[in-house]
Amino acid sequence: MSYLQSLGVWNWFIVGGILIVLEVFLPGSFLLWFGLAAIATGIVTFVVDLSWQFQILLFAVFSVVSVVIARRFAPKAGTSTDKPFLNRRTEGIIGRVFVLDQPIVGGTGRVRIGDSPWLVSGPDCPAGTRVRVESADGNTLVVVRLD
């Protein structure tokens with residue numbers, strides 16, 4: 001209890017600094033906002049002499065405000081992008097039509113997409129046949145013949 005009564009300006013700066021340093025070593029960006037709230041409490045306590053109860057209350061208010069502000073301006077997970085299939089290339093190929101580069105024999109063949117050959121599976125077809133990608137099984141594209 002005597003420690004709480006002796007809370008001073010430097011204690012808030014030290015706690016704030018420790019929280020910010022811990023943020024470097026721990027994942028996420030959560031302790032940063034509490035560290036900034038502690039530093040803000042230290043600044044207010046430096047300007048105005050406050051009781052330890054009011055300092056704790058002020059720290060709690062600054063903590064809530066800083067977390068709310070951080071959540072409001074932080075980028076949202078799953079935001080739209082100009083390249084939605086960047087890490088899911090096969091999903092971006094489904095539904096497209098291509099010409100077989102190599103015939104499908106025994107259920108497997110190849111198609112060229114851009115500058116890359118892709119393994120395809122489907123009904124046997126000669127090279128040069130137009131096929132539409134129906135789905136993907138790992139890196140193998142499942143195709144159907146277009147007549």
# chains A, B, ... in the order shown; residues from 1 in each chain; ligands from 1
>>> select_by_dssp(residues="range 29-143 of chain A", states="alpha helix (DSSP H)", output="MDAnalysis selection string")
chainID A and resid 31:47 52:73 89:93
>>> residues_around(residues="Val99 in chain A", least_positions_apart="5", cutoff="9 Å", atoms="only C-alpha atoms", output="NGL selection string")
:A and (111-112 or 127-132)
>>> write_last_selection(atoms="C-alpha atoms", output="PDB file, in the first residue's frame")
ATOM      1  CA  VAL A 111      -1.366 -26.859 -69.927  1.00  0.00           C
ATOM      2  CA  ARG A 112       0.696 -23.677 -70.178  1.00  0.00           C
ATOM      3  CA  ALA A 127      -2.867 -31.520 -77.461  1.00  0.00           C
ATOM      4  CA  GLY A 128      -4.455 -28.285 -78.657  1.00  0.00           C
ATOM      5  CA  THR A 129      -7.863 -29.065 -77.113  1.00  0.00           C
ATOM      6  CA  ARG A 130      -9.584 -26.258 -75.250  1.00  0.00           C
ATOM      7  CA  VAL A 131     -10.285 -27.109 -71.604  1.00  0.00           C
ATOM      8  CA  ARG A 132     -11.905 -25.260 -68.709  1.00  0.00           C
TER       9      ARG A 132
END
>>> residues_around(residues="Ala136 in chain A", least_positions_apart="5", cutoff="10 Å", atoms="only C-alpha atoms", output="short mmCIF file (atom, residue, chain, number, x, y, z; two decimals) with N, CA, C and O atoms, in the first residue's frame")
data_model
loop_
_atom_site.label_atom_id
_atom_site.label_comp_id
_atom_site.auth_asym_id
_atom_site.auth_seq_id
_atom_site.Cartn_x
_atom_site.Cartn_y
_atom_site.Cartn_z
N THR A 90 -4.20 -21.11 -57.59
CA THR A 90 -5.13 -22.05 -58.21
C THR A 90 -6.57 -21.55 -58.13
O THR A 90 -7.35 -21.80 -59.05
N GLU A 91 -6.93 -20.84 -57.08
CA GLU A 91 -8.28 -20.30 -56.98
C GLU A 91 -8.55 -19.26 -58.06
O GLU A 91 -9.67 -19.12 -58.53
N ILE A 93 -7.41 -19.39 -61.05
CA ILE A 93 -7.42 -20.05 -62.36
C ILE A 93 -8.74 -20.77 -62.60
O ILE A 93 -9.13 -20.99 -63.75
N ILE A 94 -9.46 -21.12 -61.55
CA ILE A 94 -10.71 -21.88 -61.69
C ILE A 94 -11.70 -21.09 -62.54
O ILE A 94 -11.92 -19.91 -62.34
N VAL A 120 -2.46 -31.10 -65.33
CA VAL A 120 -3.92 -31.15 -65.35
C VAL A 120 -4.37 -32.60 -65.31
O VAL A 120 -3.65 -33.51 -65.74
N SER A 121 -5.57 -32.78 -64.79
CA SER A 121 -6.18 -34.10 -64.83
C SER A 121 -7.59 -33.96 -65.38
O SER A 121 -8.24 -32.95 -65.18
N LEU A 141 -4.63 -29.18 -61.68
CA LEU A 141 -5.89 -28.59 -62.08
C LEU A 141 -6.80 -29.65 -62.67
O LEU A 141 -6.38 -30.45 -63.51
N VAL A 142 -8.04 -29.68 -62.25
CA VAL A 142 -9.01 -30.62 -62.78
C VAL A 142 -9.76 -29.89 -63.89
O VAL A 142 -10.36 -28.83 -63.64
N VAL A 143 -9.72 -30.46 -65.12
CA VAL A 143 -10.29 -29.78 -66.28
C VAL A 143 -11.37 -30.63 -66.94
O VAL A 143 -11.43 -31.84 -66.75
#
>>> closest_residue(among="A:Ile39, A:Val105, A:Leu32, A:Val21", to="Ala70 in chain A", atoms="only C-alpha atoms")
A:Leu32
>>> residues_around(residues="Trp118 in chain A", least_positions_apart="4", cutoff="10 Å", atoms="only C-alpha atoms", output="list in words")
Leu100, Asp101, Gly109, Arg110, Val111, Arg112, Ile113, Gly114, Asn139, Thr140 and Leu141 of chain A
>>> atom_distance(atom1="CA of Arg89 in chain A", atom2="CA of Gly28 in chain A")
28.6 Å
>>> residues_around(residues="Ala74 in chain A", least_positions_apart="4", cutoff="12 Å", atoms="only C-alpha atoms", output="ChimeraX atom specification")
/A:28-30,66-70,79
>>> write_last_selection(atoms="N, CA and C atoms", output="short mmCIF file (atom, residue, chain, number, x, y, z; two decimals), in the first residue's frame")
data_model
loop_
_atom_site.label_atom_id
_atom_site.label_comp_id
_atom_site.auth_asym_id
_atom_site.auth_seq_id
_atom_site.Cartn_x
_atom_site.Cartn_y
_atom_site.Cartn_z
N GLY A 28 2.49 -9.07 -31.40
CA GLY A 28 1.31 -8.22 -31.32
C GLY A 28 1.69 -6.79 -31.03
N SER A 29 0.70 -5.94 -30.96
CA SER A 29 0.98 -4.54 -30.62
C SER A 29 0.00 -4.11 -29.55
N PHE A 30 0.07 -4.78 -28.42
CA PHE A 30 -0.88 -4.49 -27.36
C PHE A 30 -0.22 -3.75 -26.20
N SER A 66 -6.38 4.77 -25.43
CA SER A 66 -5.32 4.43 -26.39
C SER A 66 -5.63 3.13 -27.13
N VAL A 67 -6.20 2.14 -26.44
CA VAL A 67 -6.55 0.88 -27.11
C VAL A 67 -7.68 1.12 -28.12
N VAL A 68 -8.68 1.92 -27.75
CA VAL A 68 -9.78 2.22 -28.67
C VAL A 68 -9.26 2.95 -29.90
N ILE A 69 -8.40 3.92 -29.71
CA ILE A 69 -7.83 4.66 -30.85
C ILE A 69 -7.00 3.73 -31.72
N ALA A 70 -6.20 2.86 -31.09
CA ALA A 70 -5.36 1.94 -31.86
C ALA A 70 -6.22 0.98 -32.68
N THR A 79 -8.51 -7.10 -45.39
CA THR A 79 -8.87 -5.96 -46.22
C THR A 79 -8.68 -6.33 -47.69
#
>>> select_by_dssp(residues="range 1-125 of chain A", states="strand (DSSP E)", output="list in words")
Val97, Phe98, Val99, Leu100, Asp101, Gln102, Pro103, Ile104, Val105, Thr108, Gly109, Arg110, Val111, Arg112, Ile113, Ser116, Pro117, Trp118, Leu119, Val120 and Ser121 of chain A
>>> residues_around(residues="range 5-20 of chain A", least_positions_apart="5", cutoff="12 Å", atoms="only C-alpha atoms", output="ChimeraX atom specification")
/A:25-26,28-56,58-59,63
>>> atom_distance(atom1="CA of Pro126 in chain A", atom2="CA of Arg96 in chain A")
18.8 Å
>>> atom_distance(atom1="CA of Cys125 in chain A", atom2="CA of Arg145 in chain A")
7.5 Å
>>> decode(residues="range 10-46 of chain A", atoms="C-alpha atoms", output="PDB file, in the first residue's frame")
ATOM      1  CA  TRP A  10       9.363   8.590 -12.692  1.00  0.00           C
ATOM      2  CA  ASN A  11       7.578   5.389 -11.797  1.00  0.00           C
ATOM      3  CA  TRP A  12       5.097   5.983 -14.625  1.00  0.00           C
ATOM      4  CA  PHE A  13       7.893   6.723 -17.091  1.00  0.00           C
ATOM      5  CA  ILE A  14       9.755   3.571 -16.024  1.00  0.00           C
ATOM      6  CA  VAL A  15       6.626   1.389 -16.290  1.00  0.00           C
ATOM      7  CA  GLY A  16       5.836   2.923 -19.676  1.00  0.00           C
ATOM      8  CA  GLY A  17       9.373   2.299 -20.909  1.00  0.00           C
ATOM      9  CA  ILE A  18       9.324  -1.305 -19.682  1.00  0.00           C
ATOM     10  CA  LEU A  19       6.005  -1.969 -21.428  1.00  0.00           C
ATOM     11  CA  ILE A  20       7.271  -0.487 -24.686  1.00  0.00           C
ATOM     12  CA  VAL A  21      10.459  -2.554 -24.500  1.00  0.00           C
ATOM     13  CA  LEU A  22       8.420  -5.697 -23.776  1.00  0.00           C
ATOM     14  CA  GLU A  23       6.409  -4.937 -26.911  1.00  0.00           C
ATOM     15  CA  VAL A  24       9.569  -5.442 -28.950  1.00  0.00           C
ATOM     16  CA  PHE A  25      10.023  -8.964 -27.590  1.00  0.00           C
ATOM     17  CA  LEU A  26       6.377 -10.112 -27.515  1.00  0.00           C
ATOM     18  CA  PRO A  27       4.184 -10.553 -30.590  1.00  0.00           C
ATOM     19  CA  GLY A  28       1.310  -8.224 -31.320  1.00  0.00           C
ATOM     20  CA  SER A  29       0.980  -4.542 -30.620  1.00  0.00           C
ATOM     21  CA  PHE A  30      -0.876  -4.489 -27.357  1.00  0.00           C
ATOM     22  CA  LEU A  31       1.629  -3.533 -24.654  1.00  0.00           C
ATOM     23  CA  LEU A  32       2.649  -0.479 -26.678  1.00  0.00           C
ATOM     24  CA  TRP A  33      -0.651   1.231 -25.948  1.00  0.00           C
ATOM     25  CA  PHE A  34      -0.430   0.547 -22.223  1.00  0.00           C
ATOM     26  CA  GLY A  35       3.133   1.865 -22.255  1.00  0.00           C
ATOM     27  CA  LEU A  36       1.989   5.058 -23.945  1.00  0.00           C
ATOM     28  CA  ALA A  37      -0.841   5.365 -21.415  1.00  0.00           C
ATOM     29  CA  ALA A  38       1.690   5.058 -18.560  1.00  0.00           C
ATOM     30  CA  ILE A  39       3.896   7.728 -20.123  1.00  0.00           C
ATOM     31  CA  ALA A  40       0.878  10.007 -20.605  1.00  0.00           C
ATOM     32  CA  THR A  41      -0.029   9.464 -16.959  1.00  0.00           C
ATOM     33  CA  GLY A  42       3.531  10.378 -16.018  1.00  0.00           C
ATOM     34  CA  ILE A  43       3.338  13.583 -18.052  1.00  0.00           C
ATOM     35  CA  VAL A  44       0.058  14.638 -16.420  1.00  0.00           C
ATOM     36  CA  THR A  45       1.427  13.755 -12.977  1.00  0.00           C
ATOM     37  CA  PHE A  46       4.527  15.856 -13.736  1.00  0.00           C
TER      38      PHE A  46
END
